[in-house]
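Structure file query22.tsv; described as TSV, C-alpha atoms.
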```
chain	number	residue	atom	x	y	z
D	29	MET	CA	-133.06	77.28	123.44
D	30	LYS	CA	-132.14	78.64	126.87
D	31	THR	CA	-134.90	79.38	129.35
D	32	LYS	CA	-134.90	82.33	131.71
D	33	PRO	CA	-134.13	81.51	135.35
D	34	TYR	CA	-136.96	83.80	136.43
D	35	GLN	CA	-140.64	82.96	136.20
D	36	PRO	CA	-143.05	85.61	134.82
D	37	HIS	CA	-145.87	86.78	137.08
D	38	TRP	CA	-148.39	89.56	136.86
D	39	TYR	CA	-148.97	92.47	139.19
D	40	TYR	CA	-151.57	95.24	138.92
D	41	ILE	CA	-151.71	99.01	139.17
D	42	SER	CA	-154.72	101.32	139.02
D	43	VAL	CA	-154.55	104.60	137.12
D	44	SER	CA	-157.34	107.20	137.14
D	45	ASP	CA	-158.95	107.73	133.73
D	46	CYS	CA	-160.02	111.29	134.40
D	47	PRO	CA	-159.04	113.82	137.07
D	48	GLY	CA	-161.64	114.56	139.72
D	49	CYS	CA	-163.57	111.28	139.53
D	50	ASN	CA	-163.26	107.88	141.11
D	51	HIS	CA	-163.23	105.84	137.93
D	52	ALA	CA	-160.02	103.92	137.41
D	53	THR	CA	-158.60	101.43	134.98
D	54	THR	CA	-156.51	98.49	136.12
D	55	TYR	CA	-153.40	97.73	134.11
D	56	ARG	CA	-151.57	94.45	134.25
D	57	LYS	CA	-147.76	94.36	134.08
D	58	ARG	CA	-145.37	91.47	133.90
D	59	ARG	CA	-142.78	90.95	136.58
D	60	TYR	CA	-140.09	88.30	136.93
D	61	THR	CA	-139.23	86.76	140.29
D	62	LYS	CA	-137.29	83.80	141.61
D	63	ARG	CA	-140.00	83.16	144.20
D	64	PRO	CA	-143.35	82.87	142.38
D	65	GLU	CA	-145.02	81.30	145.40
D	66	ARG	CA	-145.02	84.70	147.15
D	67	TRP	CA	-147.09	86.26	144.40
D	68	GLU	CA	-149.42	83.28	144.20
D	69	ASP	CA	-150.07	83.46	147.95
D	70	GLU	CA	-150.97	87.14	147.63
D	71	MET	CA	-153.37	86.40	144.78
D	72	GLU	CA	-155.14	83.85	146.96
D	73	LYS	CA	-155.42	86.23	149.91
D	74	SER	CA	-156.90	89.10	147.88
D	75	PRO	CA	-160.73	88.97	147.69
D	76	SER	CA	-160.71	90.55	144.22
D	77	GLY	CA	-158.01	88.26	142.93
D	78	GLN	CA	-155.67	91.22	142.50
D	79	PRO	CA	-152.93	91.82	145.08
D	80	SER	CA	-152.81	95.36	146.45
D	81	GLN	CA	-149.65	97.40	146.09
D	82	SER	CA	-149.31	97.74	149.88
D	83	ALA	CA	-149.59	93.97	150.33
D	84	LEU	CA	-146.91	93.39	147.70
D	85	PHE	CA	-144.67	96.02	149.25
D	86	ASN	CA	-145.03	94.64	152.77
D	87	GLU	CA	-144.42	91.10	151.58
D	88	GLU	CA	-141.32	92.19	149.70
D	89	LEU	CA	-139.86	93.88	152.78
D	90	LYS	CA	-140.67	91.05	155.17
D	91	GLY	CA	-137.54	89.90	156.97
D	92	ASN	CA	-135.52	92.93	155.78
D	93	ARG	CA	-136.99	95.66	157.94
D	94	ARG	CA	-134.73	97.61	160.27
D	95	THR	CA	-136.12	98.52	163.67
D	96	GLN	CA	-134.87	101.86	164.94
D	97	GLY	CA	-133.78	102.12	168.55
D	98	GLY	CA	-131.96	104.45	170.91
D	99	ILE	CA	-132.96	107.78	172.39
D	100	ALA	CA	-132.46	111.43	171.45
D	101	SER	CA	-129.64	113.08	173.39
D	102	SER	CA	-127.28	116.05	173.27
D	103	GLN	CA	-124.87	114.56	175.83
D	104	GLY	CA	-122.67	112.52	173.50
D	105	VAL	CA	-118.88	112.73	173.29
D	106	LEU	CA	-117.95	115.50	170.84
D	107	SER	CA	-115.07	115.56	168.37
D	108	ALA	CA	-113.81	119.01	169.42
D	109	ARG	CA	-113.44	120.61	172.82
D	110	VAL	CA	-111.86	123.68	174.40
D	111	GLY	CA	-109.74	122.49	177.29
D	112	GLY	CA	-106.72	120.37	178.12
D	113	ASN	CA	-105.55	116.85	177.41
D	114	ALA	CA	-106.61	115.68	180.87
D	115	ASP	CA	-110.19	116.76	180.08
D	116	VAL	CA	-110.47	114.97	176.74
D	117	PHE	CA	-108.47	111.79	177.38
D	118	PRO	CA	-110.96	110.19	179.84
D	119	GLN	CA	-113.73	110.62	177.27
D	120	ILE	CA	-111.64	108.88	174.60
D	121	LEU	CA	-110.99	105.95	176.92
D	122	ALA	CA	-114.66	105.66	177.87
D	123	LEU	CA	-115.70	105.64	174.21
D	124	HIS	CA	-113.02	103.34	172.77
D	125	VAL	CA	-111.34	101.25	175.49
D	126	SER	CA	-113.12	98.69	177.68
D	127	GLU	CA	-112.69	98.93	181.43
D	128	GLY	CA	-110.15	96.45	182.71
D	129	SER	CA	-108.05	96.65	179.53
D	130	VAL	CA	-104.25	96.53	179.67
D	131	VAL	CA	-103.11	99.99	178.54
D	132	ALA	CA	-99.45	100.62	177.73
D	133	ASP	CA	-98.73	104.36	177.90
D	134	VAL	CA	-95.36	104.23	176.18
D	135	THR	CA	-94.65	107.98	176.46
D	136	HIS	CA	-96.06	108.45	179.95
D	137	GLY	CA	-93.85	111.36	181.03
D	138	LYS	CA	-95.51	113.21	183.90
D	139	GLY	CA	-98.80	111.33	183.46
D	140	ILE	CA	-100.83	114.39	182.48
D	141	PHE	CA	-103.34	112.35	180.47
D	142	TRP	CA	-104.27	110.23	183.50
D	143	LYS	CA	-104.96	112.96	186.05
D	144	LYS	CA	-108.75	112.58	185.74
D	145	VAL	CA	-108.94	108.84	185.06
D	146	PRO	CA	-109.89	106.70	188.10
D	147	PRO	CA	-106.87	104.48	188.85
D	148	ASP	CA	-108.87	101.25	189.09
D	149	LEU	CA	-110.52	101.39	185.64
D	150	TYR	CA	-107.56	100.13	183.60
D	151	VAL	CA	-104.38	98.12	184.05
D	152	VAL	CA	-101.90	100.86	183.14
D	153	ARG	CA	-98.28	100.13	182.22
D	154	PRO	CA	-96.51	103.53	182.24
D	155	THR	CA	-93.14	103.71	180.48
D	156	ASP	CA	-91.02	106.26	178.62
D	157	ILE	CA	-87.43	106.87	177.62
D	158	GLU	CA	-86.61	108.05	181.16
D	159	THR	CA	-87.56	104.61	182.52
D	160	GLY	CA	-85.37	102.97	179.89
D	161	VAL	CA	-88.17	101.95	177.49
D	162	ASP	CA	-88.06	103.26	173.94
D	163	CYS	CA	-91.51	103.44	172.30
D	164	ARG	CA	-89.89	102.10	169.12
D	165	GLN	CA	-88.67	98.94	170.90
D	166	LEU	CA	-91.25	97.87	173.46
D	167	PRO	CA	-90.59	95.00	175.91
D	168	TYR	CA	-93.96	93.33	175.26
D	169	ASP	CA	-94.87	90.15	173.44
D	170	SER	CA	-96.67	90.40	170.10
D	171	CYS	CA	-100.47	90.67	170.35
D	172	SER	CA	-100.37	91.09	174.15
D	173	ILE	CA	-101.66	94.65	174.79
D	174	ASP	CA	-105.24	95.93	174.60
D	175	CYS	CA	-104.40	99.61	174.11
D	176	VAL	CA	-101.29	101.69	173.41
D	177	VAL	CA	-101.06	105.42	174.14
D	178	LEU	CA	-98.46	107.33	172.12
D	179	ASP	CA	-97.50	110.97	172.66
D	180	PRO	CA	-93.90	111.63	171.57
D	181	PRO	CA	-92.57	115.20	171.11
D	182	TYR	CA	-94.41	116.57	168.08
D	183	MET	CA	-92.35	119.70	167.39
D	184	GLU	CA	-89.26	119.55	165.20
D	185	GLY	CA	-87.57	122.01	167.57
D	186	LEU	CA	-87.34	119.20	170.15
D	187	TYR	CA	-85.39	116.96	167.74
D	188	ARG	CA	-82.02	118.70	167.50
D	189	ARG	CA	-78.45	117.40	167.46
D	190	SER	CA	-77.46	119.89	170.17
D	191	THR	CA	-79.37	120.79	173.34
D	192	ASN	CA	-78.40	124.44	172.76
D	193	HIS	CA	-80.48	124.41	169.59
D	194	MET	CA	-83.57	122.77	171.10
D	195	ALA	CA	-86.86	124.60	171.54
D	196	GLY	CA	-87.78	125.58	175.07
D	197	SER	CA	-84.68	127.41	176.21
D	198	GLY	CA	-84.50	130.13	178.84
D	199	SER	CA	-87.90	131.05	180.25
D	200	HIS	CA	-89.53	128.28	178.17
D	201	ALA	CA	-87.57	125.49	179.91
D	202	ALA	CA	-90.77	124.17	181.52
D	203	PHE	CA	-92.16	123.55	178.03
D	204	ARG	CA	-89.14	121.44	177.07
D	205	ASN	CA	-89.26	119.49	180.34
D	206	THR	CA	-92.96	118.71	179.89
D	207	TYR	CA	-92.94	117.70	176.24
D	208	SER	CA	-89.53	116.01	175.89
D	209	ASN	CA	-86.79	114.37	177.90
D	210	GLY	CA	-84.51	117.34	177.20
D	211	GLN	CA	-81.94	115.16	175.47
D	212	ARG	CA	-80.46	115.82	172.05
D	213	THR	CA	-81.29	113.60	169.08
D	214	LYS	CA	-78.53	111.31	167.91
D	215	GLY	CA	-78.53	110.52	164.20
D	216	GLY	CA	-81.59	109.88	162.05
D	217	PRO	CA	-83.65	112.39	160.00
D	218	LYS	CA	-83.67	116.11	160.71
D	219	TRP	CA	-86.32	118.79	161.20
D	220	HIS	CA	-89.92	117.72	160.57
D	221	ALA	CA	-88.76	114.41	159.09
D	222	ALA	CA	-87.45	113.51	162.55
D	223	VAL	CA	-90.93	114.05	164.02
D	224	VAL	CA	-92.80	111.80	161.61
D	225	ASP	CA	-90.02	109.21	161.72
D	226	MET	CA	-90.61	108.86	165.46
D	227	TYR	CA	-94.36	108.48	164.95
D	228	PHE	CA	-93.96	106.03	162.08
D	229	ARG	CA	-91.55	103.68	163.86
D	230	ALA	CA	-93.48	103.84	167.14
D	231	GLY	CA	-96.72	103.11	165.26
D	232	GLU	CA	-95.26	100.00	163.65
D	233	GLU	CA	-94.11	98.77	167.06
D	234	ALA	CA	-97.55	99.47	168.53
D	235	TYR	CA	-99.12	97.39	165.75
D	236	ARG	CA	-96.87	94.49	166.73
D	237	VAL	CA	-97.74	94.46	170.45
D	238	LEU	CA	-101.47	95.18	170.07
D	239	ARG	CA	-103.86	92.26	170.08
D	240	ASN	CA	-106.41	91.95	167.28
D	241	GLU	CA	-108.99	94.75	167.67
D	242	GLY	CA	-106.57	96.55	169.99
D	243	VAL	CA	-106.67	100.37	170.13
D	244	LEU	CA	-103.87	102.87	169.50
D	245	ILE	CA	-104.43	106.41	170.81
D	246	VAL	CA	-102.03	108.98	169.34
D	247	LYS	CA	-101.55	112.61	170.35
D	248	CYS	CA	-100.09	114.94	167.72
D	249	GLN	CA	-100.10	118.48	166.40
D	250	ASP	CA	-99.46	120.01	162.99
D	251	GLU	CA	-96.57	122.43	162.61
D	252	VAL	CA	-94.84	124.84	160.27
D	253	SER	CA	-91.25	123.76	159.62
D	254	ALA	CA	-88.82	125.81	157.54
D	255	ASN	CA	-91.74	128.02	156.48
D	256	ARG	CA	-93.60	124.99	155.12
D	257	GLN	CA	-96.98	123.77	156.36
D	258	CYS	CA	-96.73	120.21	157.70
D	259	LEU	CA	-100.03	118.46	158.42
D	260	THR	CA	-98.62	115.89	160.79
D	261	HIS	CA	-101.95	114.26	161.61
D	262	VAL	CA	-102.59	113.59	157.90
D	263	GLU	CA	-99.14	112.08	157.44
D	264	ILE	CA	-99.67	109.81	160.45
D	265	ILE	CA	-103.06	108.61	159.22
D	266	HIS	CA	-101.72	107.78	155.76
D	267	LYS	CA	-98.74	105.89	157.17
D	268	TYR	CA	-100.69	103.96	159.80
D	269	GLU	CA	-103.31	102.85	157.29
D	270	ARG	CA	-100.49	101.47	155.13
D	271	VAL	CA	-99.23	99.59	158.19
D	272	GLY	CA	-102.70	98.06	158.56
D	273	PHE	CA	-104.56	100.21	161.09
D	274	TYR	CA	-108.17	101.32	160.71
D	275	THR	CA	-108.63	105.04	161.52
D	276	LYS	CA	-111.63	104.99	163.83
D	277	ASP	CA	-111.83	108.48	165.35
D	278	LEU	CA	-110.31	111.95	165.60
D	279	PHE	CA	-110.56	114.50	168.43
D	280	VAL	CA	-109.55	118.15	168.31
D	281	VAL	CA	-108.32	119.81	171.51
D	282	VAL	CA	-108.43	123.62	171.42
D	283	ARG	CA	-106.36	125.67	173.83
D	284	ALA	CA	-108.30	127.82	176.27
D	285	ASN	CA	-105.71	130.63	176.01
D	286	ASN	CA	-103.90	132.19	173.07
D	287	PRO	CA	-100.37	130.93	172.27
D	288	VAL	CA	-97.52	133.43	172.34
D	289	ILE	CA	-95.78	134.16	169.03
D	290	SER	CA	-92.13	135.10	169.49
D	291	ARG	CA	-90.08	137.27	167.14
D	292	VAL	CA	-92.88	138.06	164.69
D	293	LYS	CA	-91.89	139.89	161.51
D	294	LYS	CA	-94.69	138.97	159.14
D	295	GLN	CA	-97.17	136.22	159.83
D	296	VAL	CA	-97.84	133.92	156.85
D	297	HIS	CA	-99.52	130.94	158.60
D	298	ALA	CA	-102.25	130.74	161.23
D	299	ARG	CA	-100.76	130.06	164.66
D	300	LYS	CA	-101.68	126.57	165.83
D	301	ASN	CA	-103.90	126.61	168.92
D	302	HIS	CA	-105.26	123.09	168.56
D	303	SER	CA	-103.93	119.53	168.62
D	304	TYR	CA	-105.31	116.07	167.87
D	305	PHE	CA	-106.03	112.74	169.43
D	306	LEU	CA	-106.20	110.05	166.74
D	307	VAL	CA	-107.76	106.66	167.46
D	308	PHE	CA	-106.70	103.62	165.44
D	309	VAL	CA	-107.82	99.99	165.62
D	310	LYS	CA	-105.84	96.91	164.62
D	311	PRO	CA	-108.21	94.80	162.47
D	312	PRO	CA	-109.00	91.25	163.59
D	313	ALA	CA	-107.44	88.28	161.85
D	314	GLY	CA	-108.62	87.88	158.27
D	315	ARG	CA	-109.80	91.50	158.01
D	316	ASN	CA	-108.18	94.67	156.70
D	317	ALA	CA	-108.77	98.36	157.30
D	318	LYS	CA	-110.99	98.74	154.23
D	319	SER	CA	-113.42	96.08	155.44
D	320	MET	CA	-113.67	97.45	159.00
D	321	ARG	CA	-116.87	99.00	160.36
D	322	SER	CA	-116.94	100.84	163.69
D	323	GLN	CA	-118.65	99.07	166.57
D	324	ALA	CA	-119.22	99.99	170.20
D	325	ILE	CA	-116.51	98.73	172.53
D	326	ARG	CA	-116.80	95.19	173.83
D	327	SER	CA	-117.52	94.54	177.46
D	328	ARG	CA	-114.66	92.52	178.92
D	329	LYS	CA	-117.10	90.99	181.41
D	330	SER	CA	-119.81	89.78	179.04
D	331	GLY	CA	-117.95	89.75	175.73
D	332	ALA	CA	-120.93	91.50	174.11
D	333	SER	CA	-120.62	94.47	171.81
D	334	GLY	CA	-123.05	97.07	170.62
D	335	GLY	CA	-123.72	98.30	167.13
D	336	GLY	CA	-122.43	101.38	165.40
D	337	ASP	CA	-123.84	104.89	165.56
D	338	GLU	CA	-127.51	105.18	164.77
```

Written as structure tokens, that's how I'd like the structure from this file.
Amino acid sequence: MKTKPYQPHWYYISVSDCPGCNHATTYRKRRYTKRPERWEDEMEKSPSGQPSQSALFNEELKGNRRTQGGIASSQGVLSARVGGNADVFPQILALHVSEGSVVADVTHGKGIFWKKVPPDLYVVRPTDIETGVDCRQLPYDSCSIDCVVLDPPYMEGLYRRSTNHMAGSGSHAAFRNTYSNGQRTKGGPKWHAAVVDMYFRAGEEAYRVLRNEGVLIVKCQDEVSANRQCLTHVEIIHKYERVGFYTKDLFVVVRANNPVISRVKKQVHARKNHSYFLVFVKPPAGRNAKSMRSQAIRSRKSGASGGGDE
């Protein structure tokens, strides 16, 4: 006959016999536990020989209590903000990238993101296609970079086989010069597929060069292509998680002014006046994205890290 691995022990509850009076009856119930000595100790400590419910509860929680800390504040970094990229980007760095980190901005362009970041906080390696560095083929060793910043052109109108067909012609030339290198696309997918193909291949390369627990910051925007809604930020998240990244954060940047809609006949989609910063983390060795839990950034000086949000 098999015996139970648990030992039976008694605990007591008091139930009032009649409402409005102090008379009570004590009932004894059986309880099984792997640690009978805890219950025996309580029985010895109780003057009446019956352990109180509060004593049992406190004993049961001993060693498992969580002490709350922190302070109340309304000054935290928010997930959405009206403003420009240069306003939001320093907050993302402060929240997710340790000072002194090696940051490879692989689509640096005119350096708009860095306008409000003190130059001595990070070791910045600015590159782009104009400097001869393709974000899909980076000149860095594997697991050598702390943070990668990726902001390729995110409109399908900037991926055309002919410069005459590219977005940003005429009076909008400044737009093309700011958000692309102005060169035509040679081969590869077309239309919106060309946009996500750039993000996908650049993301895989970023995963290669990032060290374990390295951070990838991606700027993107959804678009309507061929009268079809394309949620680019969702596509990127799904792809990058298949690559192995953990999606740690998302920021929404809302334009301060209204965008101009050209050649309107009948509007069928809301005009996009917001974009995204996505923050991904490469899991440490032996971990995967599903087992990751967000932690405060590590100090490169002390090596210490804080806990998650309270």

>> Taking 5 positions as the minimum chain separation for residues in the same chain, which residues sit within 9 Å of Val110 of chain D when counting all atoms listed in the file? Answer as a list in words.
In response: Val280, Val281, Val282, Arg283, Ala284 and His302 of chain D

>> Just checking: using all atoms listed in the file, which residue out of D:Val296, D:Val105, D:Val223, D:Ala132 ends up closest to Gln257 of chain D?
In response: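 Smallest distance to Gln257 of chain D is found for D:Val296.
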
>> Report, in Å to a single decimal, how far apart atom CA of Glu127 of chain D and atom CA of Lys144 of chain D are.
In response: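 Distance between the two atoms: 14.8 Å.
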
> At what distance in Å, to one decimal, does atom CA of Val176 of chain D lie from atom CA of Val131 of chain D?
Replying inline: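 Separation between atom CA of Val131 of chain D and atom CA of Val176 of chain D: 5.7 Å.
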
>> So the first atom is atom CA of Tyr274 of chain D and the second is atom CA of Val243 of chain D; what is the distance between them in Å, to one decimal place?
In response: 9.6 Å

>> Calculated over all atoms listed in the file, which of the candidates D:Leu238, D:Val145, D:Cys258, D:Val292 has the smallest distance to Leu121 of chain D?
In response: D:Val145

> Neighbours of Leu259 of chain D within 7 Å (only C-alpha atoms; same-chain residues fewer than 4 positions away dropped), as a list in words?
Replying inline: Asp250, Glu251 and Glu263 of chain D

Those same residues - C-alpha atoms - I'd like them written as a PDB file, in the coordinates of the input.
```pdb
ATOM      1  CA  ASP D 250     -99.460 120.010 162.990  1.00  0.00           C
ATOM      2  CA  GLU D 251     -96.570 122.430 162.610  1.00  0.00           C
ATOM      3  CA  GLU D 263     -99.140 112.080 157.440  1.00  0.00           C
TER       4      GLU D 263
END
```

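Residue nearest Leu178 of chain D within the list D:Ala222, D:Leu166, D:Ala254, D:Ala100: D:Leu166 [criterion: smallest interatomic distance, all atoms listed in the file].
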
> Could you name the residues that touch Gln119 of chain D at 12 Å or less, counting all atoms listed in the file, but leaving out those on the same chain fewer than 3 positions away, as an NGL selection string?
Replying inline: :D and (103-109 or 113-116 or 122-126 or 141-142 or 144-145 or 279 or 305)

Requested write-out: C-alpha atoms of the selected residues, as a PDB file, keeping the file's coordinate frame:
```pdb
ATOM      1  CA  GLN D 103    -124.870 114.560 175.830  1.00  0.00           C
ATOM      2  CA  GLY D 104    -122.670 112.520 173.500  1.00  0.00           C
ATOM      3  CA  VAL D 105    -118.880 112.730 173.290  1.00  0.00           C
ATOM      4  CA  LEU D 106    -117.950 115.500 170.840  1.00  0.00           C
ATOM      5  CA  SER D 107    -115.070 115.560 168.370  1.00  0.00           C
ATOM      6  CA  ALA D 108    -113.810 119.010 169.420  1.00  0.00           C
ATOM      7  CA  ARG D 109    -113.440 120.610 172.820  1.00  0.00           C
ATOM      8  CA  ASN D 113    -105.550 116.850 177.410  1.00  0.00           C
ATOM      9  CA  ALA D 114    -106.610 115.680 180.870  1.00  0.00           C
ATOM     10  CA  ASP D 115    -110.190 116.760 180.080  1.00  0.00           C
ATOM     11  CA  VAL D 116    -110.470 114.970 176.740  1.00  0.00           C
ATOM     12  CA  ALA D 122    -114.660 105.660 177.870  1.00  0.00           C
ATOM     13  CA  LEU D 123    -115.700 105.640 174.210  1.00  0.00           C
ATOM     14  CA  HIS D 124    -113.020 103.340 172.770  1.00  0.00           C
ATOM     15  CA  VAL D 125    -111.340 101.250 175.490  1.00  0.00           C
ATOM     16  CA  SER D 126    -113.120  98.690 177.680  1.00  0.00           C
ATOM     17  CA  PHE D 141    -103.340 112.350 180.470  1.00  0.00           C
ATOM     18  CA  TRP D 142    -104.270 110.230 183.500  1.00  0.00           C
ATOM     19  CA  LYS D 144    -108.750 112.580 185.740  1.00  0.00           C
ATOM     20  CA  VAL D 145    -108.940 108.840 185.060  1.00  0.00           C
ATOM     21  CA  PHE D 279    -110.560 114.500 168.430  1.00  0.00           C
ATOM     22  CA  PHE D 305    -106.030 112.740 169.430  1.00  0.00           C
TER      23      PHE D 305
END
```

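Restricting the calculation to all atoms listed in the file, the smallest distance between His261 of chain D and any of D:Gln295, D:Asn240, D:Ser303, D:Ser322 is found for D:Ser303.
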
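For the residues D:Tyr268, D:Tyr182, D:Trp219, D:Phe308, ranking by smallest atom-to-atom distance to Glu232 of chain D using only C-alpha atoms places D:Tyr268 first.
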
>> When you count only C-alpha atoms, which of these residues is closest to Thr135 of chain D: D:Ala234, D:Asp225, D:Pro311, D:Ser170?
In response: D:Ala234
